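Here the structure comes first, spelled out in structure tokens, and everything after it is commentary.
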Amino acid sequence: MRAALISAPFLWLLALVAAPSLLLGWIAFGSAAEGVPPVAPPLAWQAGAPVWQGSLESFALLLEDPHYAGALLRSLLVAAGTAGLALLLGYPMAYAVAEARPRWRLPLLALVLAPVWTGLMPRLGAWIGLLRDEGWINGVLLRAGLIEAPLTLLFSDVALFAGMLHSYLPYAVLPLAIALARRDRGLEAAAADLGAAPGRVFLSVTLPLSLPAVAAAFLLVFIPAAGEFVIPELLGPPGDPLLGRVIWAEFFQSRDWPLAAALALVLLAVLALPIRAYQRLGRG
Amino acid sequence: MTLRRALCLGLLFGALLAGRTAAAQPVLNVYNWADYIDPYVVQRFQAETGIRVRYDVYDSLETLEGKLSSGRSGYDLIVPTSEPTFARLVRAGALRPLDQARIPNWGNLDPALMARVATVDPGNRFGAIYLWGTVGLGVRADAVRQILPGARFDQLDLLLRPENAAKLARCGLAVMDSATDVLPSVLRWLGKAPDSTAPADLRAAEQALLAVRPQLRAIPGSGALLDMLARGEICVALTYSGDVIQAAARAREAGRGVEIAYAAPESGAHLWFDLLAIPADAPNPEAAEAFINFLLRPEVMAAITGHVRYPNAVPAARPLVPAAVREDPSVYPSAESLARAFVPGTLSPAEDRARSRLWSRFKAGR
């Protein structure tokens with residue numbers, strides 16, 4: 001029984017993390033071919049013996065063509081921007097939830113999560129309706145005489161970050177709200193007794209104590225945002241080379257599965273770095 | 001429950017299930033483009049044959065190929081475009097040869113059009129033409145006439161000459177997101193071979209596209225582009241003929257004064273065909289062949305063309321198509337423009353990838 005309980009998470013990791021990663025590696029070291037599936041595996045059986053026919057071409061191409069490094073950089077910047085904005089907006093929201101009376105906390109958290117329940121497509125559709133040239137925002141600004149021609153809001157960074165924040169903000173608020181609600185208020189009272197002003201208490205006691213939660217909130221937004229491709233596709237600048245879209249294009253448009261798999265592995269490796277740093281932070 | 005009783009129940013249930021499947025209605029799984037059939041046609045086929053049709057739709061060749069490329073898609077009938085998907089499926093051995101003996105209406109197909117597909121499917125063994133069309137410009141005529149009076153819609157100059165694009169940018173320019181269906185027309189406009197693989201030609205096409213890239217409002221999938229055109233958000237778009245004609249009909253119905261016209265490039269349009277084909281691992285190929293035979297009846301094809309406004313390849317159907325659609329030159333191109341039209345040839349996988357990388361660079365704008 002005990003062995004079963006302990007092995008459960010490992011089986012989970014094996015099935016959902018290790019096995020897919022191995023499969024990605026298998027495809028990434030293969031080469032694109034015409035067939036079903038459109039990839040020649042790196043190892044083939046010939047006359048009863050395995051023959052290595054894999055290639056490093058996909059990884060070489062990633063280094064060679066600056067398009068891919070550019071896409072990675074831009075994805076990381078967009079993800080960091082989204083996570084940063086989500087913290088700026090999410091921290092006060094989480095603080096308000098934590099300071100509310102206990103019986104209000106759950107309803108308030110439910111309100112924070114409400115956008116997640118509406119589904120991604122209707123939410124993005126609503127943003128398109130708001131932001132397009134003939135949309136509500138331009139309509140109001142034009143009527144009010146504040147602008148003469150409609151602003152280009154849709155298919156821009158404004159729309160991209162609006163959509164990203166709307167989708168990912170709850171992931172930042174949730175860990176912050178829980179950590180802030182559970183904090184030891186005695187420390188703040190002690191600081192106040194020793195003569196610290198409320199601002200000083202917040203900056204010297206509350207904020208430093210919540211830093212692990214801040215880091216967790218940042219990562220919870222940053223990691224999924226780095227691979228996002230639906231929101232940039234529907235709201236962002238046309239052809240904006242974000243890694244999620246580049247992987248999609250290599251997989252579906254070029255049908256170069258090895259290159260798409262190599263890109264996915266690189267993204268996985270790059271995202272493992274901040275997680276590693278977070279573990280260090282937790283220990284130190 | 002004792003083990004024995006459970007076993008008995010299980011056996012009984014199994015027997016019931018087996019009985020059901022033996023007597024069950026045959027099912028035909030169709031995977032076709034969205035908005036690409038007259039729904040009444042499917043009903044009539046079900047009523048006549050007793051075969052139940054399960055009908056799924058896609059809106060890009062990428063989706064279709066994505067489903068098929070992992071194998072065992074479960075579909076009996078698919079409708080890939082001649083280049084690149086159908087050609088690639090033929091080469092990959094992913095299609096089942098059609099048994100023409102089971103498709104007596106095969107003789108209704110226009111041999112001249114079928115010959116154009118034979119370049120990718122020698123002997124027409126794997127596909128029958130369903131509908132076809134051209135790639136050209138969808139133009140919001142009312143707005144463009146105001147900005148550029150006297151401009152010709154049947155020349156890609158309208159979109160690809162930077163001075164025109166600069167004037168029309170405010171009104172909205174778009175190109176559909178498809179390397180395979182846009183690059184041939186651009187190469188032709190530059191006076192090059194549409195299927196050229198010469199690096200210099202491809203660089204010239206990339207430069208031409210990049211020159212107008214800053215003026216493009218969007219590079220959407222063809223389905224999204226249809227919606228944008230119909231709403232009047234785009235003034236000039238390079239996309240499929242039938243999509244523009246559907247957008248024009250929708251804009252007319254909305255009655256907001258948006259007037260949309262289609263024009264294929266006068267110097268020669270990119271011609272494409274969508275083919276009825278059966279995946280090699282189709283569970284019910286006989287039903288698929290029965291459906292193909294049904295679709296090739298003149299009166300059925302006429303109903304489909306009347307509904308979706310793409311021409312078909314059954315000459316006997318043409319007199320039965322409603323006159324408004326039949327006489328629209330943007331639906332059925334004239335004999336001269338058909339003679340000037342081109343079908344791009346097949347590219348090797350490496351050449352194909354080179355083109356799709358060019359396309360990503362163009363979309364990114366560098």
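By convention here, the chains of the structure tokens are called A, B, ... in the order presented, each chain's residues are numbered starting at 1, and ligands are numbered starting at 1 in the order presented.
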For chain B against chain A, which residues fall within 7 Å using only C-alpha atoms, given as a list in words?
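In the required form, that comes to Glu62, Gly66, Ser69, Ser70, Gly71, Ala92, Ala218, Ile219, Arg353, Ser356, Lys363 and Ala364 of chain B.
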Within 12 Å of Ile137 of chain A, counting only C-alpha atoms, which residues qualify if same-chain residues fewer than 4 places away don't, as a compact mmCIF listing (two decimals) with N, CA and C atoms, in the first residue's frame?
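File produced: around16.txt:
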# COMPACT_ATOMS: atom_id res chain seq x y z
N ALA A 126 -14.37 38.37 -27.40
CA ALA A 126 -14.80 39.63 -26.81
C ALA A 126 -13.74 40.72 -27.00
N TRP A 127 -12.45 40.33 -26.82
CA TRP A 127 -11.38 41.32 -27.03
C TRP A 127 -11.35 41.79 -28.47
N ILE A 128 -11.57 40.85 -29.43
CA ILE A 128 -11.57 41.25 -30.84
C ILE A 128 -12.68 42.27 -31.06
N GLY A 129 -13.86 42.01 -30.48
CA GLY A 129 -14.98 42.93 -30.63
C GLY A 129 -14.68 44.30 -30.03
N LEU A 130 -13.96 44.33 -28.91
CA LEU A 130 -13.62 45.60 -28.26
C LEU A 130 -12.58 46.37 -29.04
N LEU A 131 -11.58 45.65 -29.58
CA LEU A 131 -10.37 46.33 -30.05
C LEU A 131 -10.35 46.63 -31.55
N ARG A 132 -11.24 46.00 -32.34
CA ARG A 132 -11.08 46.19 -33.78
C ARG A 132 -11.42 47.63 -34.17
N ASP A 133 -11.05 47.98 -35.43
CA ASP A 133 -11.19 49.37 -35.87
C ASP A 133 -12.61 49.90 -35.68
N LEU A 141 -14.12 56.46 -28.40
CA LEU A 141 -13.12 57.53 -28.55
C LEU A 141 -13.46 58.45 -29.72
N LEU A 142 -13.97 57.86 -30.82
CA LEU A 142 -14.33 58.67 -32.00
C LEU A 142 -15.50 59.59 -31.67
N ARG A 143 -16.54 59.01 -31.02
CA ARG A 143 -17.73 59.80 -30.66
C ARG A 143 -17.35 60.96 -29.75
N ALA A 144 -16.44 60.67 -28.80
CA ALA A 144 -16.04 61.69 -27.83
C ALA A 144 -15.13 62.74 -28.47
N LEU A 146 -12.02 62.41 -29.22
CA LEU A 146 -10.65 62.34 -28.71
C LEU A 146 -9.66 61.94 -29.80
N ILE A 147 -10.16 61.19 -30.80
CA ILE A 147 -9.29 60.80 -31.91
C ILE A 147 -10.04 61.07 -33.20
N PRO A 150 -9.61 55.81 -36.35
CA PRO A 150 -9.53 54.73 -35.36
C PRO A 150 -8.08 54.32 -35.08
N LEU A 151 -7.78 54.03 -33.81
CA LEU A 151 -6.45 53.53 -33.45
C LEU A 151 -6.35 52.07 -33.84
N THR A 152 -5.16 51.66 -34.29
CA THR A 152 -4.97 50.24 -34.59
C THR A 152 -4.65 49.52 -33.29
N LEU A 153 -5.67 48.89 -32.71
CA LEU A 153 -5.49 48.21 -31.42
C LEU A 153 -5.38 46.71 -31.61
N LEU A 154 -6.25 46.17 -32.48
CA LEU A 154 -6.23 44.74 -32.72
C LEU A 154 -4.97 44.40 -33.51
Which residues, written as a PyMOL selection string, have at least one atom at most 6 Å from segment 74-90 of chain B, with only C-alpha atoms counted and residues fewer than 4 positions away on the same chain left out?
chain B and resi 29-32+94+120+273-278+282+284-285+288
Identify, with DSSP run on backbone atoms, the residues in segment 182-326 of chain B assigned to alpha helix (DSSP H), and express the list as a ChimeraX atom specification.
/B:182-189,199-212,222-230,241-254,285-295,298-308,323-326
Considering only C-alpha atoms, can you say which of B:Gly138, B:Gly365, B:Arg102, B:Glu233 comes closest to Gly135 of chain A?
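With only C-alpha atoms as the atom set, the closest residue is B:Glu233.
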I want to know what sits within 9 Å of Tyr168 of chain A, based on only C-alpha atoms, with residues of the same chain fewer than 4 positions away left out; could you give that as a PyMOL selection string?
chain A and resi 82-83+86+116+163-164+172+220-222+224-225
For Trp189 of chain B, work out the shell of residues within 7 Å, counting only C-alpha atoms and skipping chain neighbours fewer than 3 positions away, then give it as a PyMOL selection string.
chain B and resi 156+185-186
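Neighbouring residues of segment 344-351 of chain B at 7 Å or closer, counting only C-alpha atoms and skipping chain neighbours under 5 positions away, are Pro184, Pro194, Asp195 and Thr197 of chain B.
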